[in-house]
Structures are given as C-alpha cells and as structure tokens.
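Student: Data file protein26.txt (compact mmCIF, C-alpha atoms) is appended below.
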# COMPACT_ATOMS: atom_id res chain seq x y z
CA MET N 1 -146.19 -26.78 -41.39
CA ARG N 2 -144.46 -25.19 -44.37
CA THR N 3 -140.69 -25.43 -44.66
CA TYR N 4 -138.00 -23.46 -46.44
CA VAL N 5 -134.51 -24.42 -47.60
CA VAL N 6 -131.99 -21.69 -46.77
CA GLN N 7 -130.30 -20.06 -49.73
CA PRO N 8 -126.89 -18.31 -49.79
CA GLY N 9 -127.19 -14.78 -48.39
CA ASP N 10 -130.39 -15.48 -46.45
CA SER N 11 -131.17 -14.10 -42.99
CA PRO N 12 -134.43 -14.21 -41.01
CA ALA N 13 -135.12 -10.60 -42.00
CA SER N 14 -134.49 -11.17 -45.70
CA ILE N 15 -136.63 -14.31 -45.75
CA ALA N 16 -139.45 -12.58 -43.88
CA SER N 17 -139.32 -9.56 -46.17
CA ARG N 18 -140.27 -11.54 -49.28
CA ASP N 19 -143.73 -10.93 -50.67
CA GLU N 20 -144.53 -14.65 -50.65
CA MET N 21 -143.61 -14.79 -46.96
CA ALA N 22 -144.59 -11.99 -44.52
CA GLY N 23 -143.47 -9.00 -46.58
CA CYS N 24 -142.09 -7.57 -43.33
CA PRO N 25 -138.36 -7.65 -42.38
CA LYS N 26 -139.19 -7.07 -38.72
CA CYS N 27 -141.25 -10.26 -38.77
CA GLY N 28 -138.07 -12.31 -38.96
CA VAL N 29 -138.58 -12.86 -35.25
CA ASP N 30 -141.46 -15.19 -36.14
CA LEU N 31 -139.08 -17.38 -38.11
CA VAL N 32 -136.75 -17.63 -35.12
CA ARG N 33 -139.63 -18.60 -32.82
CA ALA N 34 -140.82 -21.24 -35.30
CA ASN N 35 -137.40 -22.92 -35.07
CA PRO N 36 -136.66 -23.20 -31.32
CA HIS N 37 -134.08 -25.92 -32.00
CA LYS N 38 -131.72 -23.27 -33.39
CA GLN N 39 -129.72 -20.98 -31.11
CA ALA N 40 -130.86 -17.37 -31.21
CA VAL N 41 -129.19 -14.05 -30.42
CA VAL N 42 -130.81 -10.77 -29.36
CA HIS N 43 -129.39 -7.51 -30.73
CA PRO N 44 -129.17 -4.25 -28.73
CA ASN N 45 -132.57 -3.00 -29.93
CA GLY N 46 -134.29 -6.28 -29.09
CA PHE N 47 -134.38 -7.72 -32.61
CA THR N 48 -133.97 -11.51 -32.39
CA THR N 49 -132.21 -13.53 -35.05
CA PHE N 50 -130.34 -16.81 -35.46
CA LYS N 51 -126.81 -17.05 -34.11
CA GLU N 52 -125.88 -18.79 -37.35
CA LEU N 53 -127.61 -19.87 -40.53
CA ARG N 54 -126.19 -22.12 -43.22
CA ALA N 55 -127.21 -22.62 -46.83
CA GLY N 56 -129.08 -25.89 -47.31
CA GLU N 57 -130.68 -25.90 -43.86
CA THR N 58 -134.41 -26.52 -43.68
CA LEU N 59 -136.40 -24.10 -41.57
CA ASN N 60 -139.98 -24.31 -40.36
CA LEU N 61 -142.02 -21.35 -41.58
CA PRO N 62 -144.45 -19.73 -39.11
CA ASP N 63 -148.11 -20.43 -39.80
CA LYS N 64 -149.03 -16.81 -39.03
CA TRP N 65 -147.33 -15.70 -42.24
CA PHE N 66 -149.89 -17.65 -44.28
CA ASN N 67 -153.13 -18.03 -42.31
CA GLY N 68 -154.17 -14.38 -42.29
CA GLU N 69 -153.03 -13.77 -38.72
CA LEU N 70 -150.79 -10.84 -39.66
CA ASP N 71 -153.65 -9.19 -41.53
CA SER N 72 -155.45 -8.70 -38.23
CA ARG N 73 -152.55 -6.87 -36.60
CA PRO N 74 -152.88 -3.09 -36.18
CA LYS N 75 -150.15 -0.72 -37.30
CA ALA N 76 -149.17 -0.32 -33.67
CA TYR N 77 -148.00 -3.95 -33.62
CA PHE N 78 -145.62 -3.48 -36.54
CA ALA N 79 -144.44 -0.15 -35.16
CA ALA N 80 -143.65 -1.87 -31.85
CA LEU N 81 -141.40 -4.48 -33.47
CA PRO N 82 -137.67 -3.63 -33.27
CA TYR N 83 -136.01 -2.82 -36.58
CA ALA N 84 -134.18 -5.56 -38.44
CA ASP N 85 -130.92 -3.56 -38.54
CA GLY N 86 -130.33 -4.60 -34.94
CA ARG N 87 -129.80 -1.04 -33.73
CA THR N 88 -132.88 1.12 -34.37
CA PRO N 89 -135.41 0.85 -31.53
CA SER N 90 -139.16 0.94 -31.87
CA THR N 91 -140.65 4.39 -32.29
CA LEU N 92 -143.24 3.58 -29.60
CA GLY N 93 -140.80 3.63 -26.69
CA ASP N 94 -142.02 1.99 -23.49
CA ALA N 95 -145.42 1.21 -25.02
CA ALA N 96 -143.82 -1.28 -27.42
CA ALA N 97 -143.16 -3.88 -24.72
CA GLY N 98 -146.82 -4.00 -23.68
CA ILE N 99 -148.07 -4.34 -27.24
CA LEU N 100 -145.60 -7.08 -28.14
CA GLY N 101 -146.26 -8.87 -24.86
CA ASP N 102 -150.00 -8.98 -25.49
CA TYR N 103 -149.53 -10.27 -29.01
CA ALA N 104 -146.92 -12.80 -27.91
CA THR N 105 -149.54 -14.20 -25.53
CA LEU N 106 -152.10 -14.20 -28.34
CA ASP N 107 -149.63 -16.08 -30.56
CA SER N 108 -149.11 -18.63 -27.81
CA ALA N 109 -152.87 -19.02 -27.41
CA SER N 110 -153.28 -19.46 -31.16
CA ALA N 111 -150.56 -22.12 -31.28
CA LYS N 112 -152.04 -24.01 -28.35
CA THR N 113 -155.52 -23.92 -29.88
CA ALA N 114 -154.29 -25.17 -33.24
CA ALA N 115 -152.24 -27.94 -31.60
CA LEU N 116 -155.32 -29.40 -29.94
CA ALA N 117 -156.50 -30.91 -33.21
CA SER N 118 -153.67 -33.44 -33.30
CA LEU N 119 -154.05 -34.61 -29.69
CA SER N 120 -155.76 -37.75 -28.45
CA ASP N 121 -159.09 -37.21 -26.74
CA GLN N 122 -157.58 -37.54 -23.27
CA ASP N 123 -154.66 -35.22 -24.03
CA PHE N 124 -157.07 -32.77 -25.66
CA SER N 125 -159.19 -32.69 -22.52
CA ASN N 126 -156.13 -32.25 -20.33
CA ALA N 127 -154.96 -29.26 -22.41
CA VAL N 128 -158.23 -27.32 -22.50
CA SER N 129 -157.80 -25.46 -19.21
CA ASP N 130 -154.30 -24.21 -20.04
CA THR N 131 -155.36 -23.16 -23.54
CA ALA N 132 -158.39 -21.27 -22.23
CA SER N 133 -156.25 -19.57 -19.58
CA THR N 134 -153.75 -18.37 -22.18
CA ILE N 135 -156.56 -16.93 -24.31
CA ASP N 136 -157.89 -15.10 -21.26
CA GLN N 137 -154.44 -13.72 -20.43
CA SER N 138 -154.11 -12.18 -23.89
CA VAL N 139 -156.91 -9.66 -23.17
CA GLN N 140 -155.73 -8.39 -19.78
CA GLU N 141 -155.21 -4.94 -21.28
CA ALA N 142 -158.84 -4.87 -22.40
CA ASP N 143 -160.31 -6.26 -19.17
CA ASN N 144 -160.18 -2.98 -17.29
CA SER N 145 -160.93 -0.67 -20.20
CA VAL N 146 -163.40 2.15 -19.55
CA ASN N 147 -164.44 1.91 -23.20
CA PRO N 148 -167.63 -0.23 -23.26
CA GLY N 149 -166.88 -1.68 -26.68
CA ILE N 150 -163.39 -2.85 -25.67
CA ALA N 151 -164.63 -4.21 -22.36
CA ALA N 152 -167.35 -6.11 -24.25
CA TYR N 153 -164.77 -7.88 -26.40
CA ALA N 154 -162.84 -8.90 -23.30
CA ALA N 155 -166.01 -10.15 -21.61
CA ALA N 156 -166.94 -12.11 -24.73
CA THR N 157 -163.49 -13.71 -24.70
CA HIS N 158 -163.97 -14.91 -21.13
CA LEU N 159 -167.51 -16.05 -21.89
CA ALA N 160 -166.25 -18.25 -24.72
CA THR N 161 -163.38 -19.75 -22.71
CA ALA N 162 -165.75 -20.43 -19.81
CA SER N 163 -168.01 -22.23 -22.27
CA ALA N 164 -165.02 -24.31 -23.42
CA ILE N 165 -164.18 -25.29 -19.86
CA GLN N 166 -167.81 -26.18 -19.18
CA GLY N 167 -167.92 -28.24 -22.37
CA ASN N 168 -164.75 -29.99 -21.28
CA GLN N 169 -166.54 -31.22 -18.17
CA ALA N 170 -169.03 -32.95 -20.43
CA MET N 171 -166.14 -34.42 -22.39
CA ILE N 172 -164.53 -35.72 -19.22
CA ALA N 173 -167.79 -37.40 -18.22
CA ALA N 174 -168.14 -38.93 -21.70
CA LEU N 175 -164.57 -40.24 -21.53
CA SER N 176 -165.30 -41.85 -18.17
CA ALA N 177 -168.42 -43.46 -19.61
CA ASN N 178 -166.50 -44.57 -22.72
CA ASN N 179 -169.16 -42.90 -24.86
CA GLN N 180 -167.23 -42.01 -28.00
CA THR N 181 -170.15 -40.30 -29.71
CA ALA N 182 -170.58 -37.95 -26.76
CA VAL N 183 -166.82 -37.44 -26.60
CA SER N 184 -166.68 -36.37 -30.25
CA THR N 185 -169.63 -34.01 -29.85
CA ALA N 186 -168.19 -32.41 -26.72
CA ARG N 187 -164.74 -32.10 -28.28
CA ALA N 188 -166.12 -30.27 -31.32
CA GLY N 189 -168.00 -27.87 -29.07
CA VAL N 190 -164.94 -27.18 -26.93
CA GLN N 191 -162.75 -26.56 -29.96
CA ASN N 192 -165.26 -24.15 -31.45
CA ALA N 193 -165.61 -22.33 -28.13
CA LEU N 194 -161.85 -21.87 -27.90
CA LEU N 195 -161.69 -20.61 -31.48
CA THR N 196 -164.50 -18.19 -30.69
CA GLY N 197 -162.60 -16.94 -27.65
CA LEU N 198 -159.43 -16.60 -29.70
CA ASP N 199 -161.23 -14.57 -32.34
CA SER N 200 -162.76 -12.22 -29.77
CA ALA N 201 -159.32 -11.81 -28.19
CA ARG N 202 -157.97 -10.67 -31.56
CA LEU N 203 -160.79 -8.17 -31.85
CA ALA N 204 -160.15 -6.95 -28.30
CA LEU N 205 -156.50 -6.22 -29.05
CA GLN N 206 -157.44 -4.53 -32.31
CA ALA N 207 -159.81 -2.30 -30.38
CA VAL N 208 -157.20 -1.53 -27.70
CA TYR N 209 -154.37 -0.68 -30.05
CA GLY N 210 -156.34 0.62 -33.02
CA SER N 211 -156.40 -0.78 -36.55
CA ASN N 212 -155.55 2.32 -38.59
CA THR N 213 -153.03 4.42 -36.73
CA ALA N 214 -150.16 3.52 -34.44
CA PRO N 215 -149.88 5.30 -31.08
CA THR N 216 -146.78 7.39 -30.49
CA THR N 217 -146.59 6.92 -26.73
CA THR N 218 -149.26 4.77 -25.11
CA PRO N 219 -151.90 2.46 -26.62
CA ALA N 220 -154.86 4.37 -28.00
CA VAL N 221 -158.50 3.55 -27.37
CA SER N 222 -160.05 2.53 -30.64
CA PRO N 223 -161.86 5.48 -32.21
CA THR N 224 -164.31 3.04 -33.80
CA ALA N 225 -165.59 1.50 -30.57
CA PRO N 226 -169.38 1.75 -30.64
CA THR N 227 -171.35 4.59 -29.13
CA LEU N 228 -174.26 2.85 -27.45
CA PRO N 229 -177.74 4.40 -27.89
CA SER N 230 -180.00 5.33 -25.03
CA VAL N 231 -182.17 2.51 -23.72
CA SER N 232 -185.40 1.94 -21.86
CA SER N 233 -184.99 0.92 -18.21
CA ALA N 234 -188.10 -1.29 -18.46
CA ILE N 235 -186.45 -3.68 -20.96
CA PRO N 236 -184.40 -6.61 -19.56
CA ALA N 237 -180.64 -6.10 -19.71
CA THR N 238 -180.19 -9.10 -21.99
CA VAL N 239 -182.56 -7.61 -24.57
CA VAL N 240 -180.99 -4.15 -24.30
CA SER N 241 -177.49 -5.48 -24.82
CA ALA N 242 -178.59 -7.57 -27.79
CA ALA N 243 -180.36 -4.52 -29.26
CA GLN N 244 -177.22 -2.41 -28.91
CA ALA N 245 -175.28 -5.13 -30.72
CA VAL N 246 -177.73 -4.90 -33.64
CA ALA N 247 -177.38 -1.12 -33.73
CA ALA N 248 -173.58 -1.39 -33.78
CA ALA N 249 -173.51 -4.11 -36.45
CA VAL N 250 -175.98 -2.31 -38.71
CA ALA N 251 -174.23 1.05 -38.31
CA ALA N 252 -170.99 -0.57 -39.51
CA ASP N 253 -172.64 -2.24 -42.54
CA PRO N 254 -174.33 -0.04 -45.17
CA ASN N 255 -175.51 -3.23 -46.94
CA TYR N 256 -176.97 -4.88 -43.84
CA CYS N 257 -180.17 -5.88 -45.66
CA ALA N 258 -178.04 -8.03 -47.97
CA THR N 259 -175.67 -9.45 -45.35
CA VAL N 260 -178.34 -10.13 -42.72
CA GLY N 261 -179.19 -13.30 -44.64
CA GLN N 262 -175.58 -14.53 -44.60
CA VAL N 263 -175.12 -16.91 -41.68
CA GLY N 264 -172.14 -15.86 -39.59
CA SER N 265 -172.14 -12.22 -40.71
CA ALA N 266 -172.22 -9.52 -38.05
CA ALA N 267 -175.73 -8.40 -39.03
CA ASN N 268 -177.11 -11.95 -39.18
CA THR N 269 -175.65 -12.91 -35.82
CA ALA N 270 -176.71 -9.69 -34.09
CA VAL N 271 -180.30 -9.87 -35.34
CA HIS N 272 -180.63 -13.54 -34.43
CA LEU N 273 -179.31 -12.91 -30.92
CA PHE N 274 -181.69 -9.99 -30.44
CA LYS N 275 -184.70 -12.00 -31.59
CA THR N 276 -183.73 -14.87 -29.29
CA ALA N 277 -183.33 -12.55 -26.31
CA TRP N 278 -186.57 -10.71 -27.10
CA ASN N 279 -188.59 -13.93 -27.42
CA ALA N 280 -187.22 -15.24 -24.12
CA ALA N 281 -188.37 -12.05 -22.41
CA ASN N 282 -191.65 -11.74 -24.37
CA PRO N 283 -193.04 -15.26 -24.93
CA THR N 284 -196.53 -13.92 -25.65
CA ASN N 285 -195.29 -11.52 -28.31
CA PRO N 286 -192.47 -13.35 -30.10
CA LEU N 287 -190.57 -12.21 -33.16
CA PRO N 288 -190.22 -14.46 -36.23
CA ILE N 289 -186.91 -16.27 -35.83
CA ASN N 290 -184.57 -18.14 -38.18
CA THR N 291 -185.83 -16.10 -41.12
CA GLY N 292 -182.46 -14.70 -42.12
CA ASN N 293 -184.02 -11.25 -42.15
CA TYR N 294 -184.57 -8.07 -40.13
CA GLU N 295 -188.32 -7.54 -40.46
CA GLN N 296 -190.52 -4.60 -39.45
CA ALA N 297 -191.60 -6.45 -36.32
CA ALA N 298 -187.94 -6.80 -35.31
CA ALA N 299 -187.31 -3.11 -36.05
CA THR N 300 -190.29 -2.12 -33.88
CA ALA N 301 -189.06 -4.29 -31.01
CA LEU N 302 -185.56 -2.90 -31.46
CA SER N 303 -186.88 0.65 -31.12
CA SER N 304 -188.53 -0.31 -27.85
CA ALA N 305 -185.32 -1.81 -26.51
CA LEU N 306 -183.13 1.08 -27.61
CA GLY N 307 -185.50 3.83 -26.60
CA THR N 308 -184.82 5.50 -29.93
CA ALA N 309 -185.51 4.99 -33.64
CA ALA N 310 -184.17 1.67 -34.94
CA PRO N 311 -182.51 1.13 -38.32
CA PRO N 312 -185.06 0.67 -41.12
CA ALA N 313 -186.41 -2.85 -41.61
CA CYS N 314 -185.46 -4.93 -44.64
CA PRO N 315 -187.73 -6.31 -47.38
CA PRO N 316 -189.06 -9.88 -46.99
CA ARG N 317 -186.75 -12.72 -48.01
CA ALA N 318 -186.73 -16.51 -48.02
CA VAL N 319 -186.34 -18.29 -44.71
CA SER N 320 -182.79 -19.50 -44.07
CA THR N 321 -181.81 -22.72 -42.34
CA PRO N 322 -180.62 -22.23 -38.75
CA SER N 323 -177.23 -23.41 -37.61
CA THR N 324 -176.99 -26.85 -35.98
CA LEU N 325 -173.57 -26.36 -34.43
CA PRO N 326 -172.92 -26.70 -30.67
CA THR N 327 -174.53 -24.07 -28.45
CA ILE N 328 -172.16 -21.48 -27.05
CA ALA N 329 -172.57 -17.77 -26.49
CA ILE N 330 -171.17 -15.38 -29.04
CA ILE N 331 -171.63 -11.71 -29.84
CA PRO N 332 -171.06 -9.82 -33.13
CA PRO N 333 -168.38 -7.13 -33.72
CA GLN N 334 -168.93 -3.41 -34.16
CA GLN N 335 -167.21 -3.43 -37.53
CA GLN N 336 -165.88 -5.72 -40.22
CA PRO N 337 -162.33 -6.96 -39.48
CA SER N 338 -159.41 -6.48 -41.82
CA LYS N 339 -158.85 -8.82 -44.77
CA GLY N 340 -157.83 -12.31 -43.83
CA LEU N 341 -159.12 -12.17 -40.26
CA ILE N 342 -161.11 -15.24 -39.29
CA THR N 343 -163.79 -13.97 -36.95
CA SER N 344 -166.77 -15.24 -35.03
CA ALA N 345 -167.79 -11.61 -34.38
CA LEU N 346 -168.35 -11.02 -30.67
CA PHE N 347 -170.08 -8.10 -28.87
CA GLY N 348 -172.33 -7.22 -25.89
CA LEU N 349 -171.81 -7.48 -22.13
CA GLY N 350 -175.46 -7.96 -21.21
CA LEU N 351 -175.65 -11.36 -22.88
CA LEU N 352 -173.54 -12.69 -20.00
CA GLY N 353 -176.83 -13.04 -18.17
CA ALA N 354 -178.65 -14.77 -21.01
CA GLY N 355 -178.58 -18.15 -19.30
CA ALA N 356 -180.59 -16.74 -16.41
CA VAL N 357 -183.58 -16.21 -18.65
CA GLY N 358 -183.15 -19.31 -20.74
CA VAL N 359 -181.86 -17.55 -23.82
CA VAL N 360 -180.27 -20.03 -26.20
CA ILE N 361 -177.45 -18.46 -28.18
CA TYR N 362 -175.70 -20.53 -30.77
CA LEU N 363 -172.42 -20.34 -32.62
CA VAL N 364 -173.04 -19.45 -36.25
CA THR N 365 -169.79 -20.33 -37.90
CA ASN N 366 -168.57 -22.98 -40.27
CA LYS N 367 -165.02 -22.85 -38.96
CA PRO N 368 -163.21 -26.22 -38.69
CA ALA N 369 -161.47 -27.43 -35.56
CA VAL N 370 -158.17 -25.88 -36.57
CA LEU N 371 -157.28 -22.45 -37.86
CA ARG N 372 -157.84 -22.38 -41.57
CA ASN N 373 -155.20 -21.39 -44.07
CA VAL N 374 -156.61 -18.43 -45.92
CA ARG N 375 -155.26 -16.20 -48.61
CA LYS N 376 -151.71 -15.21 -47.80
CA PRO N 377 -151.41 -11.82 -46.14
CA ARG N 378 -149.61 -8.93 -47.73
CA VAL N 379 -148.04 -6.92 -44.94
CA ARG N 380 -146.57 -3.49 -45.53
CA ARG N 381 -142.81 -3.40 -45.34
CA VAL N 382 -142.25 -1.69 -42.05
CA SER N 383 -138.49 -1.83 -41.61
CA PRO N 384 -135.39 -1.70 -43.80
CA SER N 385 -133.47 -4.80 -44.77
CA PRO N 386 -130.38 -5.55 -42.66
CA SER N 387 -127.60 -3.17 -43.61
CA TYR N 388 -124.84 -4.37 -41.32
CA ASP N 389 -122.74 -7.49 -40.89
CA ASP N 390 -125.36 -9.60 -39.22
CA PRO N 391 -123.97 -12.94 -37.94
CA ASP N 392 -126.88 -14.76 -39.53
CA ASP N 393 -126.07 -13.48 -43.03
CA ILE N 394 -124.33 -16.07 -45.13
Would you write the structure of this file as structure tokens?
Tutor:
Amino acid sequence: MRTYVVQPGDSPASIASRDEMAGCPKCGVDLVRANPHKQAVVHPNGFTTFKELRAGETLNLPDKWFNGELDSRPKAYFAALPYADGRTPSTLGDAAAGILGDYATLDSASAKTAALASLSDQDFSNAVSDTASTIDQSVQEADNSVNPGIAAYAAATHLATASAIQGNQAMIAALSANNQTAVSTARAGVQNALLTGLDSARLALQAVYGSNTAPTTTPAVSPTAPTLPSVSSAIPATVVSAAQAVAAAVAADPNYCATVGQVGSAANTAVHLFKTAWNAANPTNPLPINTGNYEQAAATALSSALGTAAPPACPPRAVSTPSTLPTIAIIPPQQQPSKGLITSALFGLGLLGAGAVGVVIYLVTNKPAVLRNVRKPRVRRVSPSPSYDDPDDI
C-alpha cells in the first residue's frame, strides 16, 4: 500500500484533489476509509473527514486512486458524493444514498478479493464464501432489472461467484488430502473466478447508473444496453444466448476483425463461446474452434441462431493458441469499458445452462491473483476545495 506524509495545510480533500492522487476533492472520503485507525467526523452534508490531522503523520493511500478503479465509475457516482465544503449536498437527492451504498459494497468486495492473496491456504478457503457473498450483494440493484443487458451482467456475477464457491470445495478436499499441487490449482481457479465476478459486478453497476450522464433523480437504465436480435425457436437457448453475445460485442467494435484474434477481447471471447456452444449442440456439423477468427462458417451458423443476417465474416488468419487457464464460465460485455477498467467481459443469460449440454467455457484472461496496478486514473474535479475552517485543515 502507498503511503503519504502529511504536509502543513493538508486535508483529506486537498490531498485527494491532487492530480497525482485522485484528482477529486470529494474522494477524500477514500483516504479516511483507508486509515480506520484515525478518528473521523461527518459533516452536515455527509462528507467524512478526519477529526484532526497533523503535519508529519503518515497516511495510507487508497489503492482505488491508483489501480484504475475510479476510471470505471460513472458520473452518477461522483455526483452522488457529498461536496468537500461540508455543507453542499449531492445534487442527486435521495438517489445518492443508493448509488454510494452499492459502490461501498463493491469497494468492500474489491478489498476482500485483493486481501485473499496474502492469506494462508486455509484462511483463503475460509474467506471465499464471505468474499463471494459481498460481490453478489453489490449487484442487488441489477438483479431485478427489466433491462436484459443489465440482468445479464448480474447473472454473470452470480455465475462467477458460484464457480468460485464450487472451486473452493475442490480446494477444501485437496487441503484434507494434503495435496499441495491440487490446492494451488484450485486456489488459482477460485481467485480468478472471484475476480471475474468482481469485474462483472463493476459492469453491472456501470450499466445501472450509466457511464456518460448522471441521473438527476433516480438511477437511469443504461442507454447502451444491447438490443437483442430476433432468434429462431429451434436453436438451443445456450446457442442463442451465445449468438446474441457475439452480435452485441461486434456491434460495439468497428474493428472486430482485428480484435477477434486478441485473446481476452470482447469479440474473441464472444466468438469462442458461440463456437463452443454451437459445437456442443451440433457435433456432426462443428465450427472450427481456437482459430482466433470469425470465419464464414461461424457467420452462417450465427445467422441461423439469430434468425437474421449476421455480421460479415473476417478474412482468414493464423490459428491462435487457446487459453490453458482454469475453466469457469464468463461472458463478454456489450461495449468496451472506460480507460483503466480491468475487465473479464461478461454477457449472456442463456449460458447459465451451458453445463447441461456439456459446453466447456473457459476464462480467457491473463489477470494475476490480485488486482493489478494500472495507469493512474485522472478523475475530473467534481467538487470545490474546502472553503471553510475545516477541523482537519492544519
């Protein structure tokens, strides 16, 4: 964890407002939460700060200021934060509490997931259930959404956490058998499943609260949630859902023929999942798989599944090497996330039934077992600097 030595005149808001920090005075609350050993005070508008702050003190800096986490937050999140002057309330009124509550739960889930890396195998296993539960709780707002795209993100979150819990059972068995190789394999799979669930939870909240405009009263349904094409009733649901995921990923990527060969991209993941689902349902007429491409045969099959014209096929390319990471279900997003967002790209409710037809879906990501530090976010300044005699000013 990064640390900071307090300088004369500093306050949480002034520290947070610096470009090399969060660039957001309102985000001073993150600094307070990263230092729970210090007594805090809440101002009339809900802004939280330190009761006192002295020059020379060393403070822990929140990881979310540096790992790209803030880059994934919609404008509604920053609008919901109380102003750093201690008096001006959020412009979102009653909606602010719900937004901040959801993201507070997401922050807790992120912290718990990152903390797993430093735990012993037994403590790791013991913490999996609570971590998965916290991730699930962060998408409660999306669970009951009538928007199919938002509901798909929530379902993907629960699918990933369920995979983590299932993988933890294998880890428990390996621990009992004192099989360290199996323990290490199971632990890596569980960690990746939780990270996948965490990423889909971020995407779910982005979809609920919107990434471009902040709501003025209540959370807005994302205007970019996918419009699903018509489908053929004769095609299995798993294939249909996978086909819709391809249509959504390709529609969001004008260069899909270039990115389809990039393992982990939305187009690559969506096409692979569709081919896998199609081949499971059509063993006598399989599509070429692990080619890193969207061929004419795949486009023809996609048209059948969608019941409408599919996106044009791509030119031939060299075969890519398939992923060898642990097998857990994931689904690609309808659009590229904002800069700095670490994403496994999840989408598609129908894949929940993939196991019933033997579809093997694998995690195509090179993410390590802890959240990576990525390029530092640059967040728009969304509140004025403190302009009153704040007790934490020195």
Student: Measuring between only C-alpha atoms, which one of N:Val41, N:Cys257, N:Leu106, N:Val6 shows the shortest distance to Leu59 in chain N?
Tutor: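 Of N:Val41, N:Cys257, N:Leu106, N:Val6, the one nearest Leu59 in chain N, counting only C-alpha atoms, is N:Val6.
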Student: Hey, which of N:Ala249, N:Val271, N:Ala40, N:Leu306 ends up closest to Thr291 in chain N? Count all atoms listed in the file.
Tutor: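 Closest candidate: N:Val271.
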Student: What is the distance between CA of Ala164 in chain N and CA of Leu194 in chain N, in Å to one decimal?
Tutor: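 Pair CA of Ala164 in chain N / CA of Leu194 in chain N returns 6.0 Å.
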Student: If the box runs along x, y and z of the file and leaves 5 Å on each side of range 250-267 of chain N, what are its centre and edge lengths in Å, one decimal, as JSON?
Tutor:
{"center_x": -175.6, "center_y": -7.9, "center_z": -43.0, "size_x": 19.2, "size_y": 28.0, "size_z": 19.9}
Student: May I ask which of the residues N:Thr58, N:Lys75, N:Gln180, N:Pro44 is the closest one to Thr88 in chain N, counting only C-alpha atoms?
Tutor: N:Pro44
Student: Could you give me, as a list in words, the residues that have an atom at most 8 Å away from the point (-177.8, -11.6, -41.2) in the coordinates of the file, using only C-alpha atoms?
Tutor: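 Residues close enough to count: Tyr256, Cys257, Ala258, Thr259, Val260, Gly261, Gln262, Val263, Gly264, Ser265, Ala266, Ala267, Asn268, Thr269, Ala270, Val271, His272, Gly292, Asn293 and Tyr294 of chain N.
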Student: Calculated over all atoms listed in the file, which of the candidates N:Pro288, N:Gly46, N:Pro316, N:Gly189 has the smallest distance to Ala84 in chain N?
Tutor: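 Ranking N:Pro288, N:Gly46, N:Pro316, N:Gly189 by distance to Ala84 in chain N, first place goes to N:Gly46.
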Student: Which residue out of N:Cys27, N:Ala305, N:Ala188, N:Ala297 has the minimum interatomic distance to Asn285 in chain N when only C-alpha atoms are used?
Tutor: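 Smallest separation from Asn285 in chain N among the options: N:Ala297.
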Student: Could you check the closest approach to Leu203 in chain N for each of N:Gln296, N:Thr308, N:Thr157, N:Ser108 and tell me which residue wins, using only C-alpha atoms?
Tutor: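 Checking each of N:Gln296, N:Thr308, N:Thr157, N:Ser108 against Leu203 in chain N, counting only C-alpha atoms, the winner is N:Thr157.
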Student: Separation of CA of Asn192 in chain N and CA of Leu159 in chain N, in Å?
Tutor: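 Spanning CA of Asn192 in chain N to CA of Leu159 in chain N is a straight-line distance of 12.7 Å.
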Student: Could you please determine the separation between CA of Gly197 in chain N and CA of Asn126 in chain N in Å, to one decimal place?
Tutor: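 These two atoms are separated by 18.2 Å.
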Student: As JSON, numbers by chain, please: the residues near range 114-121 of chain N (cut-off 12 Å, all atoms listed in the file, same-chain neighbours under 6 positions excluded).
Tutor: {"N": [1, 63, 64, 67, 107, 108, 127, 128, 129, 130, 131, 132, 168, 171, 172, 174, 175, 176, 178, 179, 180, 181, 182, 183, 184, 185, 186, 187, 188, 190, 191, 192, 194, 195, 198, 368, 369, 370, 371, 372, 373]}
Student: Show which residues sit within 7 Å of range 133-150 of chain N, as a VMD selection string. Count all atoms listed in the file, and ignore same-chain residues fewer than 6 positions away.
Tutor: chain N and resid 102 105 to 106 109 157 to 158 197 to 198 201 204 to 205 207 to 208 225 to 226
